[in-house]
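One structure is given below, encoded as structure tokens.
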Amino acid sequence: MGIPVINQDNYYSNEIDKVYMSNSQYKSFLECEAATIAKINGEWQPPSSEALLFGQYVHAWLEGEQVFDEFKMNTPALFTQKGQLYKQYQLADLMIESIQNDDLCMFVLQGDKEVIITGKLFGVPWKGKLDVYNPAGGRFADLKTTRSLREKVWDQELGYCSFVEAYGYIGQMAIYAELERQMSKRNEWLEPLIVAISKEDPPDKAVINIDNSRMEVELEDIEKHMERIIQVKHGGEPPNRCGKCKYCRSTNQLNRIIHFSELIS
């Protein structure tokens with residue numbers, strides 16, 4: 001049996017996730033192996049969140065007017081009983097307006113939207129989706145929404161750092177750059193750009209680039225984790241529970257009494 005072909009309809013399916021790694025799946029394994037395996041096997045579905053819906057709203061706009069209108073029509077959670085957008089999505093409209101009024105942002109966001117890329121990294125198939133793909137312009141771009149562009153974010157390994165580092169966006173862009181290079185059979189990576197917009201009033205925004213040397217470091221770091229992830233994903237090792245996430249809390253079965261000091265260990 002060959003590797004299934006990915007398309008827009010099955011990209012997020014369990015069938016595809018069982019075969020392909022992705023940036024989101026990789027990060028999920030680092031957060032909680034047990035929750036990730038349960039999700040891949042269709043045994044658990046993470047509940048939707050306001051932050052996720054917020055991001056989907058802005059990305060639906062990026063895909064074009066028709067997709068945006070359909071998204072709003074098919075997502076009643078966006079609206080009050082009076083048919084008005086909830087306040088947080090009015091903020092999303094303000095963010096979209098800020099991007100639309102910026103020539104550099106709109107230039108960088110020119111290109112094909114939601115382009116699927118695939119390849120092989122560290123011995124296994126990977127998939128990704130480019131928000132904006134412009135090979136003729138020598139670049140691809142990803143649209144990110146975040147609480148603040150300038151605030152330092154705490155990361156357990158890095159300490160205080162930018163949101164780009166803390167949320168794994170450098171690794172994501174490195175994965176995408178390498179998958180695109182493989183798929184297009186080019187010798188070099190395209191330039192990866194992040195168009196970032198903050199959830200502030202008024203919004204802050206920036207177009208951010210990442211140097212190749214830092215992306216190479218990220219790929220090396222990802223490779224270090226992959227042997228364990230592959231073993232867990234394909235049944236060679238049992239998944240560890242983080243004990244803190246929504247999946248672990250919802251499936252927790254107590255088997256011992258703990259000392260109070262363990263609560264924050």
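Letters A, B, ... go to the chains of the structure tokens in the order shown; residues in each chain start at 1; ligands are counted from 1 in the same order.
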Find the spatial neighbours of region 150-158 of chain A, counting only C-alpha atoms, within a cut-off of 12 Å - ignore same-chain residues fewer than 5 positions away - and output them as a ChimeraX atom specification. /A:163-168,196-200,203-206
Keeping C-alpha atoms for every residue in the selection just given, could you write it to a file as an mmCIF file, in the first residue's frame?
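See result-v1.cif below for the written result:
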```cif
data_model
loop_
_atom_site.group_PDB
_atom_site.id
_atom_site.type_symbol
_atom_site.label_atom_id
_atom_site.label_comp_id
_atom_site.auth_asym_id
_atom_site.auth_seq_id
_atom_site.Cartn_x
_atom_site.Cartn_y
_atom_site.Cartn_z
ATOM 1 C CA PHE A 163 7.095 35.197 20.229
ATOM 2 C CA VAL A 164 8.652 33.855 17.010
ATOM 3 C CA GLU A 165 11.104 31.731 19.008
ATOM 4 C CA ALA A 166 8.758 30.832 21.869
ATOM 5 C CA TYR A 167 5.999 29.438 19.649
ATOM 6 C CA GLY A 168 8.264 27.394 17.385
ATOM 7 C CA ALA A 196 2.685 39.260 12.063
ATOM 8 C CA ILE A 197 -0.189 41.311 13.469
ATOM 9 C CA SER A 198 -0.919 41.863 17.153
ATOM 10 C CA LYS A 199 -4.256 41.568 18.954
ATOM 11 C CA GLU A 200 -4.006 45.140 20.203
ATOM 12 C CA PRO A 203 -2.727 46.564 16.113
ATOM 13 C CA ASP A 204 1.039 46.412 15.797
ATOM 14 C CA LYS A 205 2.425 44.689 12.706
ATOM 15 C CA ALA A 206 5.713 43.597 11.176
#
```
Please identify all polymer residues within 10 Å of Gly42 (chain A), counting only C-alpha atoms, omitting same-chain residues fewer than 6 positions from it, and present them as a list of chain:residue names. A:Ser13, A:Asn14, A:Glu15, A:Thr36
Can those selected residues be exported to a file as a PDB file, in the first residue's frame so that it contains C-alpha atoms?
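Printed below is selection_28.pdb as written:
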```
ATOM      1  CA  SER A  13      -7.828  13.744   8.314  1.00  0.00           C
ATOM      2  CA  ASN A  14      -6.665  11.026  10.714  1.00  0.00           C
ATOM      3  CA  GLU A  15      -5.769   8.866   7.692  1.00  0.00           C
ATOM      4  CA  THR A  36      -1.218  13.306  20.263  1.00  0.00           C
TER       5      THR A  36
END
```
Pro47 (chain A) proximity check over A:Thr118, A:Ser250, A:Ser261, A:Ser24, using only C-alpha atoms: winner is A:Ser250
Would you mind writing down, as a PyMOL selection string, each residue of region 8-122 of chain A that DSSP on the backbone assigns to alpha helix (DSSP H)? chain A and resi 14-19+23-31+33-40+50-62+65-73+87-100+103-108
In Å, how far is it from CA of Gln110 (chain A) to CA of Ile194 (chain A)?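 Distance between the two atoms: 12.9 Å.
Distances to Phe122 (chain A) were evaluated for A:Lys233, A:Arg256, A:His225, A:Lys244 using only C-alpha atoms, and the minimum falls at A:His225.
The shell of residues at most 12 Å from Phe54 (chain A), with only C-alpha atoms counted and near chain neighbours (fewer than 4 positions) removed, consists of Ser48, Ser49, Glu50, Val58, His59, Ala60, Trp61, Phe71, Lys72, Thr75, Ala77, Leu78, Leu85, Tyr86, Lys87, Gln88, Tyr89, Gln90, Leu91, Ala92, Asp93, Met95, Ile96, Lys144, Thr145, Thr146, Arg147, Ser198 and Lys199 of chain A.
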Those same residues - N, CA and C atoms - I'd like them written as a compact mmCIF listing (two decimals), in the first residue's frame.
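Output file selection37.txt follows:
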```txt
# COMPACT_ATOMS: atom_id res chain seq x y z
N SER A 48 -12.31 23.13 20.52
CA SER A 48 -11.98 24.38 19.84
C SER A 48 -11.77 25.48 20.87
N SER A 49 -10.98 26.44 20.52
CA SER A 49 -10.71 27.56 21.43
C SER A 49 -10.96 28.87 20.71
N GLU A 50 -11.13 29.92 21.50
CA GLU A 50 -11.35 31.24 20.93
C GLU A 50 -10.15 31.69 20.11
N VAL A 58 -8.97 35.22 10.57
CA VAL A 58 -8.01 36.05 9.82
C VAL A 58 -7.49 35.31 8.60
N HIS A 59 -7.24 34.00 8.73
CA HIS A 59 -6.74 33.22 7.59
C HIS A 59 -7.81 33.05 6.51
N ALA A 60 -9.07 32.98 6.93
CA ALA A 60 -10.15 32.90 5.93
C ALA A 60 -10.19 34.17 5.09
N TRP A 61 -9.94 35.31 5.73
CA TRP A 61 -9.85 36.56 4.96
C TRP A 61 -8.72 36.49 3.93
N PHE A 71 -16.86 31.22 5.33
CA PHE A 71 -16.43 30.93 6.71
C PHE A 71 -17.37 31.61 7.70
N LYS A 72 -17.68 32.87 7.47
CA LYS A 72 -18.57 33.58 8.40
C LYS A 72 -19.97 32.98 8.38
N THR A 75 -19.98 29.68 10.40
CA THR A 75 -19.42 29.73 11.75
C THR A 75 -20.28 30.63 12.64
N ALA A 77 -20.67 30.70 15.72
CA ALA A 77 -20.05 31.08 16.99
C ALA A 77 -19.41 32.46 16.93
N LEU A 78 -19.27 33.02 15.73
CA LEU A 78 -18.69 34.35 15.58
C LEU A 78 -19.66 35.45 15.98
N LEU A 85 -21.02 40.69 15.08
CA LEU A 85 -19.77 40.03 15.44
C LEU A 85 -19.46 40.28 16.91
N TYR A 86 -19.03 39.21 17.61
CA TYR A 86 -18.55 39.42 18.97
C TYR A 86 -17.37 40.38 18.95
N LYS A 87 -17.14 41.03 20.08
CA LYS A 87 -16.15 42.09 20.17
C LYS A 87 -14.76 41.63 19.71
N GLN A 88 -14.38 40.40 20.09
CA GLN A 88 -13.03 39.94 19.73
C GLN A 88 -12.85 39.80 18.22
N TYR A 89 -13.92 39.49 17.51
CA TYR A 89 -13.81 39.36 16.05
C TYR A 89 -13.92 40.71 15.36
N GLN A 90 -14.50 41.68 16.07
CA GLN A 90 -14.41 43.05 15.58
C GLN A 90 -12.97 43.51 15.62
N LEU A 91 -12.23 43.06 16.64
CA LEU A 91 -10.79 43.33 16.71
C LEU A 91 -10.08 42.67 15.54
N ALA A 92 -10.49 41.46 15.18
CA ALA A 92 -9.89 40.79 14.03
C ALA A 92 -10.10 41.60 12.76
N ASP A 93 -11.28 42.18 12.61
CA ASP A 93 -11.54 43.05 11.46
C ASP A 93 -10.61 44.25 11.45
N MET A 95 -7.62 44.30 12.72
CA MET A 95 -6.31 43.79 12.33
C MET A 95 -6.22 43.60 10.82
N ILE A 96 -7.28 43.05 10.24
CA ILE A 96 -7.31 42.85 8.79
C ILE A 96 -7.21 44.19 8.07
N LYS A 144 0.67 35.42 10.86
CA LYS A 144 0.56 35.06 12.27
C LYS A 144 -0.16 36.17 13.04
N THR A 145 -1.08 35.75 13.90
CA THR A 145 -1.68 36.67 14.87
C THR A 145 -1.12 36.33 16.24
N THR A 146 -0.85 37.35 17.04
CA THR A 146 -0.28 37.12 18.37
C THR A 146 -0.69 38.23 19.31
N ARG A 147 -0.60 37.96 20.60
CA ARG A 147 -1.04 38.94 21.60
C ARG A 147 -0.25 40.23 21.49
N SER A 198 -0.61 42.05 15.73
CA SER A 198 -0.92 41.86 17.15
C SER A 198 -2.41 42.08 17.43
N LYS A 199 -2.86 41.45 18.52
CA LYS A 199 -4.26 41.57 18.95
C LYS A 199 -4.38 42.75 19.90
```
Sorted per-residue table, region 84-178 of chain A near region 187-193 of chain A, closest atoms and distance, 8 Å, only C-alpha atoms, as CSV:
```
residue,atom,partner,partner_atom,distance
A:Val108,CA,A:Leu193,CA,7.9
A:Pro135,CA,A:Leu190,CA,7.2
A:Gly138,CA,A:Leu190,CA,5.4
A:Arg139,CA,A:Glu191,CA,4.4
A:Phe140,CA,A:Pro192,CA,5.3
A:Ala141,CA,A:Leu193,CA,4.7
A:Asp142,CA,A:Leu193,CA,6.4
A:Met173,CA,A:Pro192,CA,6.3
A:Ala177,CA,A:Trp189,CA,5.4
A:Glu178,CA,A:Trp189,CA,6.5
```
With N, CA and C atoms retained, write the just-selected residues as an mmCIF file, in the first residue's frame.
```cif
data_model
loop_
_atom_site.group_PDB
_atom_site.id
_atom_site.type_symbol
_atom_site.label_atom_id
_atom_site.label_comp_id
_atom_site.auth_asym_id
_atom_site.auth_seq_id
_atom_site.Cartn_x
_atom_site.Cartn_y
_atom_site.Cartn_z
ATOM 1 N N VAL A 108 3.860 41.370 0.335
ATOM 2 C CA VAL A 108 4.386 40.077 0.782
ATOM 3 C C VAL A 108 3.307 38.994 0.721
ATOM 4 N N PRO A 135 6.851 31.498 -5.573
ATOM 5 C CA PRO A 135 8.194 31.087 -5.992
ATOM 6 C C PRO A 135 8.814 32.048 -7.000
ATOM 7 N N GLY A 138 10.514 34.495 -5.179
ATOM 8 C CA GLY A 138 11.580 33.970 -4.339
ATOM 9 C C GLY A 138 11.223 33.843 -2.875
ATOM 10 N N ARG A 139 9.915 33.705 -2.550
ATOM 11 C CA ARG A 139 9.534 33.694 -1.142
ATOM 12 C C ARG A 139 8.246 32.904 -0.913
ATOM 13 N N PHE A 140 8.028 32.564 0.351
ATOM 14 C CA PHE A 140 6.713 32.156 0.828
ATOM 15 C C PHE A 140 6.469 32.905 2.128
ATOM 16 N N ALA A 141 5.221 33.003 2.527
ATOM 17 C CA ALA A 141 4.891 33.809 3.703
ATOM 18 C C ALA A 141 3.863 33.107 4.564
ATOM 19 N N ASP A 142 3.932 33.406 5.853
ATOM 20 C CA ASP A 142 2.977 32.870 6.808
ATOM 21 C C ASP A 142 2.385 34.039 7.586
ATOM 22 N N MET A 173 9.037 27.394 9.858
ATOM 23 C CA MET A 173 9.478 27.967 8.589
ATOM 24 C C MET A 173 10.640 27.163 7.997
ATOM 25 N N ALA A 177 10.471 25.482 4.391
ATOM 26 C CA ALA A 177 11.488 25.829 3.392
ATOM 27 C C ALA A 177 12.105 24.568 2.792
ATOM 28 N N GLU A 178 12.382 23.576 3.635
ATOM 29 C CA GLU A 178 13.011 22.344 3.145
ATOM 30 C C GLU A 178 12.016 21.494 2.344
#
```
Could you check how far CA of Tyr20 (chain A) sits from CA of Val124 (chain A), in Å to one decimal?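 Between CA of Tyr20 (chain A) and CA of Val124 (chain A) the gap is 7.3 Å.
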Using only C-alpha atoms, can you tell me which of A:Ile40, A:Ile117, A:Leu263, A:Val67 comes closest to His234 (chain A)? A:Ile40
In Å, with one decimal, what is the gap from CA of Glu114 (chain A) to CA of Glu70 (chain A)?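 Between CA of Glu114 (chain A) and CA of Glu70 (chain A) the gap is 16.0 Å.
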Residues of region 122-262 of chain A in strand (DSSP E), written as number ranges by chain: A: 124-134, 139-146, 153-155, 159-161, 191-198, 205-209
Can you spit out the residues from that selection as a CSV table (one decimal), in the first residue's frame, using N, CA and C atoms?
```csv
chain,number,residue,atom,x,y,z
A,124,VAL,N,11.0,10.1,7.4
A,124,VAL,CA,9.5,9.9,7.4
A,124,VAL,C,8.9,11.0,6.5
A,125,PRO,N,7.7,10.7,5.9
A,125,PRO,CA,7.0,11.8,5.1
A,125,PRO,C,6.5,12.9,6.0
A,126,TRP,N,6.6,14.1,5.5
A,126,TRP,CA,6.1,15.3,6.2
A,126,TRP,C,5.1,16.1,5.2
A,127,LYS,N,4.2,16.8,5.8
A,127,LYS,CA,3.3,17.7,5.0
A,127,LYS,C,3.3,19.1,5.6
A,128,GLY,N,3.0,20.0,4.8
A,128,GLY,CA,2.8,21.4,5.3
A,128,GLY,C,1.9,22.2,4.4
A,129,LYS,N,1.4,23.3,4.9
A,129,LYS,CA,0.6,24.2,4.1
A,129,LYS,C,1.2,25.6,4.1
A,130,LEU,N,1.5,26.2,2.9
A,130,LEU,CA,2.0,27.5,2.9
A,130,LEU,C,0.8,28.5,2.8
A,131,ASP,N,0.8,29.5,3.7
A,131,ASP,CA,-0.3,30.5,3.6
A,131,ASP,C,-0.2,31.2,2.3
A,132,VAL,N,1.0,31.6,1.9
A,132,VAL,CA,1.2,32.3,0.7
A,132,VAL,C,2.4,31.8,0.0
A,133,TYR,N,2.3,31.4,-1.3
A,133,TYR,CA,3.4,30.8,-2.0
A,133,TYR,C,3.7,31.6,-3.3
A,134,ASN,N,4.9,32.2,-3.3
A,134,ASN,CA,5.3,33.0,-4.5
A,134,ASN,C,6.7,32.7,-4.9
A,139,ARG,N,9.9,33.7,-2.6
A,139,ARG,CA,9.5,33.7,-1.1
A,139,ARG,C,8.2,32.9,-0.9
A,140,PHE,N,8.0,32.6,0.4
A,140,PHE,CA,6.7,32.2,0.8
A,140,PHE,C,6.5,32.9,2.1
A,141,ALA,N,5.2,33.0,2.5
A,141,ALA,CA,4.9,33.8,3.7
A,141,ALA,C,3.9,33.1,4.6
A,142,ASP,N,3.9,33.4,5.9
A,142,ASP,CA,3.0,32.9,6.8
A,142,ASP,C,2.4,34.0,7.6
A,143,LEU,N,1.1,34.0,7.7
A,143,LEU,CA,0.4,35.1,8.5
A,143,LEU,C,0.2,34.6,9.9
A,144,LYS,N,0.7,35.4,10.9
A,144,LYS,CA,0.6,35.1,12.3
A,144,LYS,C,-0.2,36.2,13.0
A,145,THR,N,-1.1,35.8,13.9
A,145,THR,CA,-1.7,36.7,14.9
A,145,THR,C,-1.1,36.3,16.2
A,146,THR,N,-0.9,37.4,17.0
A,146,THR,CA,-0.3,37.1,18.4
A,146,THR,C,-0.7,38.2,19.3
A,153,VAL,N,8.6,36.7,25.7
A,153,VAL,CA,7.8,35.5,26.1
A,153,VAL,C,8.7,34.5,26.8
A,154,TRP,N,8.2,33.9,27.9
A,154,TRP,CA,9.1,33.0,28.6
A,154,TRP,C,9.0,31.6,28.0
A,155,ASP,N,10.2,31.0,27.7
A,155,ASP,CA,10.4,29.7,27.2
A,155,ASP,C,11.3,28.9,28.1
A,159,GLY,N,14.6,30.8,27.9
A,159,GLY,CA,14.4,31.9,28.8
A,159,GLY,C,13.4,32.9,28.1
A,160,TYR,N,13.6,34.2,28.4
A,160,TYR,CA,12.7,35.2,27.7
A,160,TYR,C,13.2,35.4,26.3
A,161,CYS,N,12.3,35.4,25.4
A,161,CYS,CA,12.6,35.5,23.9
A,161,CYS,C,11.4,36.1,23.2
A,191,GLU,N,13.0,32.4,0.4
A,191,GLU,CA,13.0,33.3,1.6
A,191,GLU,C,11.7,33.1,2.4
A,192,PRO,N,11.8,32.7,3.7
A,192,PRO,CA,10.6,32.6,4.5
A,192,PRO,C,10.3,34.0,5.2
A,193,LEU,N,9.1,34.4,5.1
A,193,LEU,CA,8.7,35.7,5.7
A,193,LEU,C,7.4,35.4,6.6
A,194,ILE,N,7.4,36.1,7.7
A,194,ILE,CA,6.2,36.1,8.6
A,194,ILE,C,5.6,37.5,8.6
A,195,VAL,N,4.3,37.5,8.2
A,195,VAL,CA,3.6,38.8,8.4
A,195,VAL,C,2.8,38.6,9.7
A,196,ALA,N,3.2,39.4,10.7
A,196,ALA,CA,2.7,39.3,12.1
A,196,ALA,C,1.8,40.5,12.4
A,197,ILE,N,0.7,40.2,13.1
A,197,ILE,CA,-0.2,41.3,13.5
A,197,ILE,C,-0.6,41.0,14.9
A,198,SER,N,-0.6,42.1,15.7
A,198,SER,CA,-0.9,41.9,17.2
A,198,SER,C,-2.4,42.1,17.4
A,205,LYS,N,2.2,45.7,13.8
A,205,LYS,CA,2.4,44.7,12.7
A,205,LYS,C,3.9,44.8,12.3
A,206,ALA,N,4.3,43.7,11.7
A,206,ALA,CA,5.7,43.6,11.2
A,206,ALA,C,5.8,42.5,10.1
A,207,VAL,N,6.8,42.7,9.2
A,207,VAL,CA,7.2,41.6,8.3
A,207,VAL,C,8.5,41.2,8.7
A,208,ILE,N,8.6,39.9,9.1
A,208,ILE,CA,9.8,39.3,9.8
A,208,ILE,C,10.5,38.3,8.9
A,209,ASN,N,11.8,38.4,8.8
A,209,ASN,CA,12.6,37.3,8.1
A,209,ASN,C,13.4,36.5,9.1
```
Residue nearest Asn23 (chain A) - candidates A:Gln172, A:Ser184, A:Gln253, A:Gln231, atoms counted: only C-alpha atoms: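 Answer, going by the shortest atom-to-atom distance: A:Gln172.
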Let me make sure I understand: among A:Ala34, A:Ile175, A:Cys105, A:Ile6, which one has the smallest atom-to-atom distance to Gly235 (chain A) if we use only C-alpha atoms?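 Closest to Gly235 (chain A) of all the choices is A:Ala34.
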